[in-house]
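Enquirer: Input structure: data.tsv, which contains TSV, C-alpha atoms.
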chain	number	residue	atom	x	y	z
K	2	MET	CA	93.87	74.78	98.27
K	3	LYS	CA	94.91	78.33	97.43
K	4	LYS	CA	94.59	80.94	100.16
K	5	LEU	CA	95.22	84.65	100.59
K	6	ASN	CA	97.29	86.04	103.43
K	7	ILE	CA	95.93	89.59	103.86
K	8	SER	CA	97.29	92.52	105.82
K	9	ILE	CA	95.24	95.72	106.17
K	10	ASN	CA	95.86	99.17	107.61
K	11	LEU	CA	92.88	99.67	109.92
K	12	LEU	CA	93.42	103.43	109.97
K	13	GLN	CA	92.67	103.55	106.21
K	14	LEU	CA	89.08	102.44	106.85
K	15	GLN	CA	86.51	105.20	106.56
K	16	GLY	CA	85.56	106.51	109.99
K	17	ALA	CA	88.60	104.93	111.71
K	18	CYS	CA	90.87	106.80	114.10
K	19	LYS	CA	93.42	106.06	116.79
K	20	ALA	CA	92.44	106.76	120.40
K	21	THR	CA	93.66	106.10	123.92
K	22	ILE	CA	91.03	104.48	126.12
K	23	LYS	CA	91.85	103.76	129.77
K	24	GLY	CA	95.55	104.14	128.96
K	25	GLU	CA	95.43	101.66	126.04
K	26	ASP	CA	96.03	102.56	122.38
K	27	CYS	CA	92.97	101.58	120.35
K	28	VAL	CA	91.58	101.79	116.83
K	29	VAL	CA	88.03	103.14	116.87
K	30	ILE	CA	85.69	102.86	113.90
K	31	ARG	CA	82.86	105.37	113.97
K	32	ILE	CA	80.00	103.31	112.54
K	33	ALA	CA	78.04	106.35	111.30
K	34	LYS	CA	81.07	107.55	109.27
K	35	SER	CA	82.12	104.13	107.99
K	36	ARG	CA	80.76	101.46	105.69
K	37	ALA	CA	80.34	99.07	108.61
K	38	LYS	CA	76.80	97.75	108.88
K	39	PRO	CA	75.21	96.95	112.25
K	40	HIS	CA	73.12	93.78	112.11
K	41	GLN	CA	70.03	92.99	114.16
K	42	ASN	CA	72.00	90.21	115.88
K	43	GLY	CA	74.20	92.90	117.52
K	44	LYS	CA	77.26	92.21	115.36
K	45	VAL	CA	78.81	94.78	113.01
K	46	TYR	CA	79.94	93.70	109.54
K	47	LEU	CA	82.32	95.32	107.05
K	48	ASN	CA	82.58	94.14	103.46
K	49	LEU	CA	86.01	94.19	101.82
K	50	GLU	CA	87.23	93.23	98.36
K	51	ALA	CA	90.48	91.43	97.53
K	52	ILE	CA	91.29	92.18	93.89
K	53	SER	CA	94.07	90.68	91.73
K	54	ASN	CA	96.86	93.10	90.82
K	55	LYS	CA	96.59	94.05	87.12
K	56	ASN	CA	100.34	93.71	86.62
K	57	GLY	CA	100.72	90.49	88.61
K	58	GLU	CA	102.96	90.17	91.62
K	59	ASP	CA	104.52	93.36	93.02
K	60	ASP	CA	108.04	93.84	94.40
K	61	TYR	CA	106.94	92.50	97.81
K	62	GLY	CA	105.26	89.35	96.51
K	63	ASN	CA	101.72	90.73	96.86
K	64	THR	CA	99.28	89.32	94.32
K	65	HIS	CA	96.15	91.20	95.47
K	66	PHE	CA	95.09	94.49	97.01
K	67	VAL	CA	92.27	95.07	99.50
K	68	ALA	CA	89.74	97.91	99.40
K	69	GLU	CA	86.29	98.75	100.65
K	70	PRO	CA	83.86	98.17	97.77
K	71	SER	CA	82.13	101.17	96.24
K	72	THR	CA	78.36	101.24	95.91
K	73	LYS	CA	76.54	100.97	92.58
K	74	ASP	CA	75.58	104.67	92.82
K	75	GLU	CA	79.23	105.64	93.42
K	76	ARG	CA	80.40	103.59	90.42
K	77	GLU	CA	77.72	105.03	88.13
K	78	SER	CA	78.38	108.63	89.21
K	79	GLY	CA	82.14	108.27	88.74
K	80	ALA	CA	82.85	109.16	92.37
K	81	ALA	CA	86.42	108.88	93.58
K	82	LYS	CA	87.57	105.36	94.35
K	83	LEU	CA	88.17	104.38	97.95
K	84	PRO	CA	91.81	103.99	99.07
K	85	ILE	CA	93.67	100.71	99.07
K	86	ILE	CA	93.72	99.57	102.69
K	87	GLY	CA	95.94	96.53	102.38
K	88	ASN	CA	97.59	93.83	100.30
K	89	GLY	CA	97.49	90.07	100.02
K	90	LYS	CA	99.71	87.20	98.98
K	91	GLU	CA	98.36	84.06	97.41
K	92	TRP	CA	99.73	80.85	98.90
K	93	SER	CA	98.97	77.16	99.22
K	94	ASN	CA	99.83	74.42	101.70
K	95	GLU	CA	99.14	71.49	99.37
K	96	GLY	CA	101.67	68.67	99.54
K	97	HIS	CA	102.98	69.82	102.95
K	98	GLN	CA	105.16	72.40	101.24
K	99	SER	CA	104.37	76.03	100.71
K	100	GLN	CA	103.38	76.72	97.13
K	101	ALA	CA	103.75	80.48	97.54
K	102	ARG	CA	104.85	82.22	94.42
K	103	PRO	CA	108.52	83.12	94.55
K	104	THR	CA	109.10	86.82	95.04
K	105	ARG	CA	111.19	88.82	92.61
K	106	GLN	CA	114.83	88.93	93.54
K	107	VAL	CA	116.27	92.39	94.05
K	108	GLU	CA	119.98	92.59	93.31
K	109	LYS	CA	121.98	94.19	96.09
K	110	ALA	CA	125.48	95.53	95.76
K	111	ALA	CA	128.13	93.35	97.39
K	112	PRO	CA	129.55	94.86	100.58
K	113	ALA	CA	132.92	96.55	100.23
K	114	PRO	CA	135.79	94.32	101.42
K	115	LEU	CA	137.22	95.21	104.81
K	116	GLU	CA	140.71	96.63	104.78
K	117	ASP	CA	143.28	94.98	107.02
K	118	ASP	CA	145.10	97.73	108.88
K	119	GLY	CA	147.42	95.22	110.52
K	120	GLY	CA	146.34	96.31	114.01
K	121	ASP	CA	145.05	94.19	116.86
K	122	ILE	CA	141.38	93.80	117.65
K	123	PRO	CA	140.64	96.24	120.51
K	124	TRP	CA	138.81	93.74	122.71
I need this file expressed as structure tokens, please.

Expert:
Amino acid sequence: MKKLNISINLLQLQGACKATIKGEDCVVIRIAKSRAKPHQNGKVYLNLEAISNKNGEDDYGNTHFVAEPSTKDERESGAAKLPIIGNGKEWSNEGHQSQARPTRQVEKAAPAPLEDDGGDIPW
């Protein structure tokens, strides 16, 4: 079964801000200024979209990006798109081994060889 491991920046959500409440750092989402929808059951829901990257996997192995969906009216009017709030990596645990796509290898320069000054180690 394929799965997505998703990481989002909560402060990118509309109506979100950082606050200190009773000495604790918190993320507060102002419902009236966000796309969160209060339900009659007392819960608050937020719809998000995970969309495949057009160019495939990025340099960090992410295969998807996460955004708040725009409304039909926003799409039709050509309103600005909402910001990307996170990324996701597709993975699988079939066969007891991770089937995650291998990430691109970035070549790093070899470290310069240490010069032997012939002295003793100071400790």

Enquirer: Could you jot down the CA of Glu91 (chain K) to CA of Arg36 (chain K) separation for me, Å, one decimal place?

Expert: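 Taking CA of Glu91 (chain K) and CA of Arg36 (chain K), their separation equals 26.1 Å.
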
Enquirer: For Asn6 (chain K), list every protein, DNA or RNA residue within 8 Å, evaluated using all atoms listed in the file, and leave out those in the same chain fewer than 3 positions away; present the list as number ranges by chain.

Expert: K: 89-92

Enquirer: For the selection just defined, write its residues with C-alpha atoms to a file, as a compact mmCIF listing (two decimals), in the coordinates of the input.

Expert:
# COMPACT_ATOMS: atom_id res chain seq x y z
CA GLY K 89 97.49 90.07 100.02
CA LYS K 90 99.71 87.20 98.98
CA GLU K 91 98.36 84.06 97.41
CA TRP K 92 99.73 80.85 98.90

Enquirer: As an exercise, work out the distance from CA of Asn94 (chain K) to CA of Tyr46 (chain K) in Å and give it to one decimal place.

Expert: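 Value for the CA of Asn94 (chain K)-CA of Tyr46 (chain K) distance: 28.8 Å.
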
Enquirer: What's the separation between CA of Thr72 (chain K) and CA of Leu5 (chain K), in Å to one decimal place?

Expert: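 Between CA of Thr72 (chain K) and CA of Leu5 (chain K) the gap works out to 24.1 Å.
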
Enquirer: Is there a way to get, as JSON, numbers by chain, all residues within 12 Å of the point (86.8, 91.5, 91.6) in file coordinates, counting all atoms listed in the file?

Expert: {"K": [49, 50, 51, 52, 53, 54, 55, 65, 66, 67, 68, 69, 70, 71]}

Enquirer: Tell me which of K:Leu47, K:Ala33, K:Cys27, K:Ala80 sits closest to Leu12 (chain K), counting all atoms listed in the file.

Expert: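 Nearest to Leu12 (chain K): K:Cys27.
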
Enquirer: Could you check which of K:Glu77, K:Leu83, K:Ser93, K:Lys44 is closest to Leu14 (chain K), using all atoms listed in the file?

Expert: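 Once distances to Leu14 (chain K) are computed over all atoms listed in the file, the minimum belongs to K:Leu83.
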
Enquirer: Out of K:Lys3, K:Lys19, K:Lys73, K:Lys38, which residue has the shortest atom-to-atom distance to Glu95 (chain K) when counting all atoms listed in the file?

Expert: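 When distances to Glu95 (chain K) are compared using all atoms listed in the file, the smallest one comes from K:Lys3.
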
Enquirer: Take the point (94.7, 92.6, 105.9) in the file's coordinates, draw a sphere of radius 8 Å around it, and report as a ChimeraX atom specification every protein, DNA or RNA residue with an atom inside or on it, counting all atoms listed in the file.

Expert: /K:6-10,67,86-89

Enquirer: Give me the residues within 7 Å of Ser35 (chain K) as a list in words, counting only C-alpha atoms and dropping any in the same chain fewer than 2 places off.

Expert: Gln15, Gly16, Arg31, Ile32, Ala33 and Ala37 of chain K

Enquirer: When distances are computed from only C-alpha atoms, which of K:Lys4, K:Asn48, K:Ile85, K:Gln13 shows the smallest separation from Val29 (chain K)?

Expert: K:Gln13

Enquirer: Could you add the missing atoms to region 8-27 of chain K, up to N, CA and C atoms, and return them as an mmCIF file, in the coordinates of the input?

Expert:
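The result, stored in part_32.cif:
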data_model
loop_
_atom_site.group_PDB
_atom_site.id
_atom_site.type_symbol
_atom_site.label_atom_id
_atom_site.label_comp_id
_atom_site.auth_asym_id
_atom_site.auth_seq_id
_atom_site.Cartn_x
_atom_site.Cartn_y
_atom_site.Cartn_z
ATOM 1 N N SER K 8 96.911 91.570 104.791
ATOM 2 C CA SER K 8 97.290 92.520 105.820
ATOM 3 C C SER K 8 96.625 93.852 105.483
ATOM 4 N N ILE K 9 95.900 94.448 106.447
ATOM 5 C CA ILE K 9 95.240 95.720 106.170
ATOM 6 C C ILE K 9 95.659 96.780 107.182
ATOM 7 N N ASN K 10 95.597 98.019 106.750
ATOM 8 C CA ASN K 10 95.860 99.170 107.610
ATOM 9 C C ASN K 10 94.503 99.643 108.131
ATOM 10 N N LEU K 11 94.186 99.336 109.356
ATOM 11 C CA LEU K 11 92.880 99.670 109.920
ATOM 12 C C LEU K 11 92.593 101.163 109.896
ATOM 13 N N LEU K 12 93.627 101.980 109.963
ATOM 14 C CA LEU K 12 93.420 103.430 109.970
ATOM 15 C C LEU K 12 93.021 103.965 108.595
ATOM 16 N N GLN K 13 93.121 103.142 107.541
ATOM 17 C CA GLN K 13 92.670 103.550 106.210
ATOM 18 C C GLN K 13 91.174 103.356 106.036
ATOM 19 N N LEU K 14 90.519 102.638 106.951
ATOM 20 C CA LEU K 14 89.080 102.440 106.850
ATOM 21 C C LEU K 14 88.367 103.762 107.085
ATOM 22 N N GLN K 15 87.282 103.982 106.357
ATOM 23 C CA GLN K 15 86.510 105.200 106.560
ATOM 24 C C GLN K 15 85.971 105.217 107.984
ATOM 25 N N GLY K 16 86.074 106.354 108.632
ATOM 26 C CA GLY K 16 85.560 106.510 109.990
ATOM 27 C C GLY K 16 86.478 105.963 111.069
ATOM 28 N N ALA K 17 87.679 105.502 110.717
ATOM 29 C CA ALA K 17 88.600 104.930 111.710
ATOM 30 C C ALA K 17 89.556 105.998 112.227
ATOM 31 N N CYS K 18 89.883 105.898 113.506
ATOM 32 C CA CYS K 18 90.870 106.800 114.100
ATOM 33 C C CYS K 18 91.537 106.084 115.272
ATOM 34 N N LYS K 19 92.672 106.604 115.662
ATOM 35 C CA LYS K 19 93.420 106.060 116.790
ATOM 36 C C LYS K 19 93.002 106.821 118.036
ATOM 37 N N ALA K 20 92.839 106.117 119.152
ATOM 38 C CA ALA K 20 92.440 106.760 120.400
ATOM 39 C C ALA K 20 93.094 106.044 121.568
ATOM 40 N N THR K 21 93.174 106.721 122.690
ATOM 41 C CA THR K 21 93.660 106.100 123.920
ATOM 42 C C THR K 21 92.470 105.982 124.857
ATOM 43 N N ILE K 22 92.164 104.754 125.233
ATOM 44 C CA ILE K 22 91.030 104.480 126.120
ATOM 45 C C ILE K 22 91.556 103.734 127.333
ATOM 46 N N LYS K 23 91.365 104.334 128.511
ATOM 47 C CA LYS K 23 91.850 103.760 129.770
ATOM 48 C C LYS K 23 93.337 103.421 129.682
ATOM 49 N N GLY K 24 94.110 104.318 129.056
ATOM 50 C CA GLY K 24 95.550 104.140 128.960
ATOM 51 C C GLY K 24 96.005 103.173 127.880
ATOM 52 N N GLU K 25 95.101 102.622 127.097
ATOM 53 C CA GLU K 25 95.430 101.660 126.040
ATOM 54 C C GLU K 25 95.244 102.305 124.673
ATOM 55 N N ASP K 26 96.201 102.088 123.749
ATOM 56 C CA ASP K 26 96.030 102.560 122.380
ATOM 57 C C ASP K 26 95.000 101.672 121.689
ATOM 58 N N CYS K 27 94.053 102.299 121.006
ATOM 59 C CA CYS K 27 92.970 101.580 120.350
ATOM 60 C C CYS K 27 92.725 102.137 118.952
#
